[in-house]
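> This is the structure, below, for whatever I ask next.
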Amino acid sequence: MPRLLADLTPLRVSPAYRRLWIGNSLSAIGTQLTLVAVSLEVFHLTGSSLAVGMLGLFALVPLVVAGLYGGAVADHVDRRKLALGSSSVLWLTTVLIAAHAWLGIESVWVLYTLVAVHSGASGINQPTRGAIIPALVGTKLLPAANALNMMTFSVAMMVGPLVAGVLVAGVGYAWTYSVDVVTFLAALYAVWRLPALPPQRDPEAPERPRRVGWRSVVEGFTFLSSRPNLRMTFLADIVAMATAFPRALLPAIGAVVGSSVLGGGEAAVGILLAAMALGAFLTGLFSGPLTRIVRHGVAVYASILGWGLSVAGFGVVVLLASRAAAAGVDPGPYLWPAAGCLALAGCADSVSSVFRNTILQTATPDHLRGRLQGVFIVVVAGGPRVGEMLTGGAAELLTEPVTLIAGGLLCVLGVSALMRWQPGFLRYDARHPVP
């Protein structure tokens with residue numbers, strides 16, 4: 001059993017990583033509280049789902065811009081200082097969101113603005129932290145560290161929305177935001193305790209420019225374009241998310257499979273979302289075997305195949321539920337097989353994320369690590385948004401079950417075509433990382 005459970009070695013050998021992991025674990029739940037509570041407050045103020053959807057736009061654009069530029073900055077300055085500065089902005093923004101609620105201002109545009117600032121600071125903070133981890137634990141322990149980070153994220157995704165709903169209903173928005181204000185102090189303290197972390201110098205560049213411009217961002221993309229294994233980590237994830245990301249279809253599906261469960265479709269949607277997060281959590285909890293895998297390219301390919309097949313299986317279950325409903329049979333029992341398919345999908349996506357991030361962190365030179373972490377954040381944030389748009393549009397023509405089945409199979413075909421186009425990725429060996 002110990003060989004199956006998560007490898008805790010990074011927490012034992014690196015006090016700095018241990019403080020950072022504990023701080024991130026607490027703050028991640030608080031961040032989810034705020035994100036869910038803000039969407040609930042916007043809907044409370046406007047009664048409009050479109051207004052809630054606009055939060056995604058206000059969050060995505062700053063995240064993309066700041067993620068790319070912030071990664072470049074992280075390659076030119078002390079990463080500890082940059083992480084501390086961006087973390088301070090994140091905390092202050094949360095304080096202002098809480099103050100907005102305590103003062104009873106009730107302005108949607110103030111919330112939009114604060115969410116945009118928060119997202120921009122996150123776009124700088126996330127790639128900086130991603131570039132810091134290898135310096136804290138070393139390359140050998142990166143799979144274990146990434147699995148622990150994924151476990152934290154999945155717990156936050158499960159617990160955060162549930163607790164946010166309870167707190168908003170019980171004590172209101174102001175107290176809910178205040179929880180995030182307090183828990184984020186743990187992450188702020190952990191970053192403050194980090195040692196100085198200047199990036200390594202590029203041996204081919206004797207002088208680092210005093211100002212960081214967009215030319216540095218372009219240098220990162222130029223490097224990425226000539227490194228097939230690193231490029232494949234992004235392309236494979238884009239294919240998986242663009243073809244088979246099911247979240248936009250869940251409200252319509254919940255109305256079918258949840259018709260007799262816990263009072264209706266809303267509860268069913270919550271169960272389905274929680275199932276994906278549960279799959280990711282269980283992957284992190286039983287991630288011991290992942291740390292002993294060295295064929296990371298094969299692991300990425302296999303996990304994305306698993307993602308596509310799980311989504312296609314989810315579509316088959318939804319199709320059977322739809323036919324049962326049309327025949328006058330209660331489709332409620334189909335909820336649990338559907339949740340099982342999404343749990344498997346969450347597991348597969350988590351495995352893919354662990355190995356893609358590990359490849360990125362180990363095969364990228366330190367002086368470029370921040371920039372490529374910035375690209376990673378943009379892909380991780382933007383890919384699901386593209387997937388929601390494509391699957392939502394396809395469902396209007398094909399229906400939700402057919403869209404899921406076709407998308408899952410298209411994911412399998414698409415990632416297989418990528419591996420045929422770039423077979424060297426399947427030979428990637430963590431013992432000899434080649435970008």
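In the structure tokens, chains take the letters A, B, ... in the order shown, each chain's residues start at 1, and ligands count up from 1 in the order shown.
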Within 8 Å of A:Val402, counting only C-alpha atoms, which residues show up once you throw out same-chain ones fewer than 6 positions away? Write them as a PDB file with N, CA, C and O atoms, in the first residue's frame, please.


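That gives us result.pdb:
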```pdb
ATOM      1  N   GLY A 315     -20.703   9.794 -22.997  1.00  0.00           N
ATOM      2  CA  GLY A 315     -21.700  10.078 -24.023  1.00  0.00           C
ATOM      3  C   GLY A 315     -22.627   8.900 -24.260  1.00  0.00           C
ATOM      4  O   GLY A 315     -23.838   9.072 -24.450  1.00  0.00           O
ATOM      5  N   LEU A 319     -26.598   8.907 -23.768  1.00  0.00           N
ATOM      6  CA  LEU A 319     -27.475   8.486 -24.866  1.00  0.00           C
ATOM      7  C   LEU A 319     -28.492   7.461 -24.370  1.00  0.00           C
ATOM      8  O   LEU A 319     -29.690   7.542 -24.688  1.00  0.00           O
ATOM      9  N   ALA A 395     -23.228  20.648 -30.051  1.00  0.00           N
ATOM     10  CA  ALA A 395     -24.423  20.043 -29.459  1.00  0.00           C
ATOM     11  C   ALA A 395     -25.704  20.607 -30.046  1.00  0.00           C
ATOM     12  O   ALA A 395     -26.737  19.928 -30.073  1.00  0.00           O
TER      13      ALA A 395
END
```

> Can you list, as a ChimeraX atom specification, every protein, DNA or RNA residue that comes within 10 Å of A:Ser88 when you count only C-alpha atoms, leaving out same-chain residues fewer than 5 positions away?

/A:82-83,93-94,121,125,184-185,187-188,191

> Atoms to include: N, CA and C atoms. Write the selected residues as a CSV table (one decimal), in the first residue's frame.


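To be explicit, this is the file written out as again.csv:
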```csv
chain,number,residue,atom,x,y,z
A,82,LEU,N,9.3,38.1,-7.3
A,82,LEU,CA,8.2,38.2,-8.2
A,82,LEU,C,7.0,37.5,-7.7
A,83,ALA,N,7.2,36.3,-7.2
A,83,ALA,CA,6.1,35.5,-6.6
A,83,ALA,C,5.5,36.2,-5.4
A,93,THR,N,-6.3,42.1,-3.7
A,93,THR,CA,-7.5,42.1,-4.5
A,93,THR,C,-8.6,41.4,-3.8
A,94,THR,N,-8.3,40.2,-3.1
A,94,THR,CA,-9.3,39.5,-2.3
A,94,THR,C,-9.8,40.4,-1.2
A,121,ALA,N,-2.8,39.1,-11.9
A,121,ALA,CA,-1.8,38.8,-10.9
A,121,ALA,C,-1.6,37.3,-10.9
A,125,ASN,N,1.7,35.0,-11.2
A,125,ASN,CA,2.1,34.2,-10.1
A,125,ASN,C,2.2,32.7,-10.4
A,184,PHE,N,-5.4,32.8,2.6
A,184,PHE,CA,-4.3,33.2,1.6
A,184,PHE,C,-3.1,33.7,2.3
A,185,LEU,N,-3.2,34.1,3.6
A,185,LEU,CA,-2.0,34.6,4.3
A,185,LEU,C,-1.0,33.4,4.5
A,187,ALA,N,-0.3,31.1,2.2
A,187,ALA,CA,0.5,31.1,1.0
A,187,ALA,C,1.5,32.3,0.9
A,188,LEU,N,1.0,33.4,1.4
A,188,LEU,CA,1.9,34.6,1.4
A,188,LEU,C,3.1,34.4,2.3
A,191,VAL,N,5.7,32.0,0.6
A,191,VAL,CA,6.5,32.6,-0.4
A,191,VAL,C,7.5,33.6,0.2
```

> Which of these, A:Gly284, A:Gly30, A:Val42, A:Ala98, has the shortest distance to A:Leu5 once you count only C-alpha atoms?

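The answer is A:Gly284, which sits nearest to A:Leu5.
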
> If we count only C-alpha atoms, what is near stretch 51-56 of chain A at a cut-off of 9 Å, once residues fewer than 3 positions away on the same chain are taken out, given as JSON, numbers by chain?

{"A": [38, 39, 40, 41, 42, 43, 46, 47, 48, 59, 60, 61, 108, 111, 112, 115, 116, 385]}

> Write the selection just made, keeping all heavy atoms, as a short mmCIF file (atom, residue, chain, number, x, y, z; two decimals), in the first residue's frame?


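Contents of again.cif, as written:
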```
data_model
loop_
_atom_site.label_atom_id
_atom_site.label_comp_id
_atom_site.auth_asym_id
_atom_site.auth_seq_id
_atom_site.Cartn_x
_atom_site.Cartn_y
_atom_site.Cartn_z
N VAL A 38 -18.22 34.93 -6.11
CA VAL A 38 -18.35 36.07 -7.02
C VAL A 38 -19.38 35.77 -8.10
O VAL A 38 -20.21 36.63 -8.43
CB VAL A 38 -16.98 36.41 -7.65
CG1 VAL A 38 -17.16 37.34 -8.84
CG2 VAL A 38 -16.07 37.07 -6.63
N SER A 39 -19.36 34.57 -8.65
CA SER A 39 -20.35 34.23 -9.68
C SER A 39 -21.76 34.24 -9.10
O SER A 39 -22.71 34.71 -9.75
CB SER A 39 -20.03 32.87 -10.28
OG SER A 39 -20.15 31.83 -9.33
N LEU A 40 -21.91 33.76 -7.86
CA LEU A 40 -23.22 33.79 -7.22
C LEU A 40 -23.67 35.23 -6.96
O LEU A 40 -24.85 35.57 -7.13
CB LEU A 40 -23.18 33.00 -5.91
CG LEU A 40 -22.99 31.49 -6.02
CD1 LEU A 40 -22.81 30.88 -4.64
CD2 LEU A 40 -24.15 30.84 -6.74
N GLU A 41 -22.72 36.08 -6.55
CA GLU A 41 -23.08 37.47 -6.26
C GLU A 41 -23.47 38.21 -7.54
O GLU A 41 -24.42 39.00 -7.54
CB GLU A 41 -21.94 38.19 -5.56
CG GLU A 41 -22.32 39.60 -5.11
CD GLU A 41 -21.25 40.28 -4.29
OE1 GLU A 41 -20.14 39.72 -4.16
OE2 GLU A 41 -21.51 41.39 -3.80
N VAL A 42 -22.74 37.96 -8.62
CA VAL A 42 -23.07 38.61 -9.89
C VAL A 42 -24.47 38.19 -10.34
O VAL A 42 -25.27 39.02 -10.79
CB VAL A 42 -22.02 38.28 -10.97
CG1 VAL A 42 -22.51 38.71 -12.36
CG2 VAL A 42 -20.71 38.97 -10.65
N PHE A 43 -24.78 36.90 -10.21
CA PHE A 43 -26.13 36.46 -10.58
C PHE A 43 -27.18 37.06 -9.65
O PHE A 43 -28.27 37.43 -10.09
CB PHE A 43 -26.22 34.93 -10.55
CG PHE A 43 -27.52 34.40 -11.07
CD1 PHE A 43 -27.75 34.31 -12.43
CD2 PHE A 43 -28.52 34.00 -10.21
CE1 PHE A 43 -28.95 33.83 -12.94
CE2 PHE A 43 -29.73 33.52 -10.69
CZ PHE A 43 -29.94 33.44 -12.06
N THR A 46 -27.70 40.68 -10.84
CA THR A 46 -28.20 40.91 -12.20
C THR A 46 -29.31 39.96 -12.61
O THR A 46 -30.11 40.29 -13.50
CB THR A 46 -27.05 40.75 -13.22
OG1 THR A 46 -26.59 39.40 -13.21
CG2 THR A 46 -25.90 41.69 -12.88
N GLY A 47 -29.35 38.76 -12.04
CA GLY A 47 -30.31 37.75 -12.49
C GLY A 47 -30.03 37.26 -13.89
O GLY A 47 -30.90 36.69 -14.54
N SER A 48 -28.80 37.45 -14.36
CA SER A 48 -28.45 37.13 -15.75
C SER A 48 -27.31 36.12 -15.81
O SER A 48 -26.24 36.36 -15.24
CB SER A 48 -28.04 38.40 -16.50
OG SER A 48 -27.45 38.10 -17.74
N ALA A 59 -11.76 37.43 -16.85
CA ALA A 59 -10.67 36.68 -16.22
C ALA A 59 -9.69 36.15 -17.25
O ALA A 59 -8.48 36.13 -17.01
CB ALA A 59 -11.24 35.53 -15.40
N LEU A 60 -10.18 35.70 -18.41
CA LEU A 60 -9.33 35.01 -19.37
C LEU A 60 -8.33 35.94 -20.04
O LEU A 60 -7.15 35.62 -20.15
CB LEU A 60 -10.19 34.31 -20.42
CG LEU A 60 -9.43 33.52 -21.49
CD1 LEU A 60 -8.59 32.43 -20.85
CD2 LEU A 60 -10.38 32.94 -22.51
N VAL A 61 -8.79 37.11 -20.49
CA VAL A 61 -7.90 38.01 -21.25
C VAL A 61 -6.70 38.44 -20.41
O VAL A 61 -5.55 38.33 -20.86
CB VAL A 61 -8.69 39.22 -21.79
CG1 VAL A 61 -7.74 40.22 -22.43
CG2 VAL A 61 -9.75 38.76 -22.79
N VAL A 108 -21.58 45.46 -10.07
CA VAL A 108 -21.07 44.38 -10.91
C VAL A 108 -19.77 44.79 -11.59
O VAL A 108 -18.83 43.99 -11.71
CB VAL A 108 -22.13 43.99 -11.97
CG1 VAL A 108 -21.55 42.98 -12.96
CG2 VAL A 108 -23.36 43.42 -11.31
N LEU A 111 -16.81 44.37 -9.38
CA LEU A 111 -16.44 42.96 -9.31
C LEU A 111 -15.72 42.51 -10.58
O LEU A 111 -14.72 41.79 -10.51
CB LEU A 111 -17.69 42.10 -9.08
CG LEU A 111 -18.33 42.22 -7.69
CD1 LEU A 111 -19.63 41.42 -7.64
CD2 LEU A 111 -17.38 41.74 -6.61
N TYR A 112 -16.21 42.93 -11.74
CA TYR A 112 -15.52 42.60 -12.99
C TYR A 112 -14.08 43.10 -12.96
O TYR A 112 -13.13 42.39 -13.34
CB TYR A 112 -16.25 43.24 -14.18
CG TYR A 112 -17.51 42.53 -14.62
CD1 TYR A 112 -18.46 43.19 -15.39
CD2 TYR A 112 -17.76 41.21 -14.28
CE1 TYR A 112 -19.62 42.56 -15.82
CE2 TYR A 112 -18.92 40.57 -14.70
CZ TYR A 112 -19.85 41.25 -15.46
OH TYR A 112 -21.00 40.62 -15.87
N VAL A 115 -11.93 41.10 -10.47
CA VAL A 115 -11.66 39.76 -11.02
C VAL A 115 -10.58 39.83 -12.10
O VAL A 115 -9.70 38.97 -12.18
CB VAL A 115 -12.95 39.14 -11.58
CG1 VAL A 115 -12.65 37.93 -12.46
CG2 VAL A 115 -13.87 38.72 -10.43
N ALA A 116 -10.63 40.88 -12.95
CA ALA A 116 -9.61 41.04 -13.99
C ALA A 116 -8.24 41.26 -13.38
O ALA A 116 -7.24 40.67 -13.83
CB ALA A 116 -9.99 42.21 -14.90
N ARG A 385 -11.72 26.60 -22.44
CA ARG A 385 -12.65 27.61 -22.95
C ARG A 385 -12.97 27.33 -24.42
O ARG A 385 -14.11 27.42 -24.86
CB ARG A 385 -12.05 29.01 -22.81
CG ARG A 385 -11.79 29.45 -21.38
CD ARG A 385 -13.07 29.64 -20.60
NE ARG A 385 -12.83 30.20 -19.28
CZ ARG A 385 -12.55 29.51 -18.19
NH1 ARG A 385 -12.45 28.20 -18.28
NH2 ARG A 385 -12.37 30.10 -17.03
#
```

> Can you tell me which residues surround stretch 163-179 of chain A at a distance of at most 10 Å, considering only C-alpha atoms, apart from same-chain residues fewer than 5 positions away, and format the answer as a list in words?

Ser27, Ile29, Gly30, Thr31, Gln32, Leu33, Thr34, Leu35, Val36, Ala37, Val38, Leu40, Glu41, Thr94, Val95, Leu96, Ile97, Ala98, Ala99, His100, Ala101, Trp102, Leu103, Gly104, Ala156, Met158 and Phe184 of chain A

> In Å, rounded to a single decimal, give me how far atom CA of A:Ala343 is from atom CA of A:Val257.

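Separating atom CA of A:Val257 from atom CA of A:Ala343 is a distance of 16.0 Å.
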
> For a quick check of understanding, using only C-alpha atoms, which of A:Pro198, A:Gly123, A:Gly297, A:Gly407 has the smallest distance to A:Phe425?

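Of all the options, A:Gly297 lies closest to A:Phe425.
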
> Find, counting only C-alpha atoms, the residue in A:Ala299, A:Ala236, A:Ala381, A:Val351 that gets nearest to A:Ser416.

A:Ala236

> Please provide as number ranges by chain all residues within 6 Å of A:Ser154, with the sequence filter that same-chain residues fewer than 2 positions apart are discarded (counting only C-alpha atoms).

A: 151-152, 156-157, 277, 280-281

> Contacts of stretch 214-231 of chain A at 9 Å or less, counting only C-alpha atoms, minus same-chain residues fewer than 6 places along, as a PyMOL selection string?

chain A and resi 68-69+71-73+75+297+356+359-360+363-364+368-369+371-372+375+422+424-425+428+434-435

> Between A:Leu413, A:Ala406, A:Leu197, A:Val89, which one has atoms that come closest to A:His367, using only C-alpha atoms?

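Nearest candidate to A:His367 out of A:Leu413, A:Ala406, A:Leu197, A:Val89: A:Leu197.
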
> Give the answer as one residue: which of A:Pro62, A:Gly393, A:Pro10, A:Pro195 has the shortest atom-to-atom distance to A:Lys81, using only C-alpha atoms?

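The shortest atom-to-atom distance to A:Lys81 comes from A:Pro195.
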
> Using only C-alpha atoms, determine which residues lie at most 9 Å from A:Asn357, disregarding the query and same-chain residues fewer than 5 positions distant; provide the list as a tab-separated table (two decimals) with N, CA and C atoms, in the first residue's frame.


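Writing done, so here's part-v4.tsv:
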```tsv
chain	number	residue	atom	x	y	z
A	130	GLY	N	5.51	27.80	-10.90
A	130	GLY	CA	5.89	26.60	-11.64
A	130	GLY	C	7.37	26.54	-11.93
A	142	LEU	N	10.32	15.79	-9.17
A	142	LEU	CA	9.27	16.59	-9.80
A	142	LEU	C	7.96	15.83	-10.02
A	143	PRO	N	7.98	14.57	-10.49
A	143	PRO	CA	6.68	13.87	-10.63
A	143	PRO	C	5.92	13.78	-9.32
A	146	ASN	N	4.58	17.30	-8.45
A	146	ASN	CA	3.45	17.68	-9.31
A	146	ASN	C	2.20	16.89	-8.96
A	233	THR	N	3.73	18.46	-25.72
A	233	THR	CA	2.97	18.52	-24.47
A	233	THR	C	1.82	19.52	-24.58
A	352	SER	N	-2.21	13.03	-17.15
A	352	SER	CA	-1.65	13.79	-18.26
A	352	SER	C	-1.00	15.08	-17.77
A	362	THR	N	11.49	19.74	-16.59
A	362	THR	CA	12.81	19.10	-16.63
A	362	THR	C	13.55	19.34	-17.94
A	373	GLN	N	6.45	28.08	-18.72
A	373	GLN	CA	5.39	27.90	-17.73
A	373	GLN	C	4.24	28.87	-18.02
A	376	PHE	N	2.26	27.36	-20.67
A	376	PHE	CA	1.52	26.24	-20.09
A	376	PHE	C	0.24	26.73	-19.41
```

> In Å to one decimal, how far is atom CA of A:Met241 from atom CA of A:Gly382?

9.1 Å

> Nearest residue to A:His76 out of A:Ala6, A:Ala131, A:Ala302, A:Leu290, using only C-alpha atoms?

A:Ala131
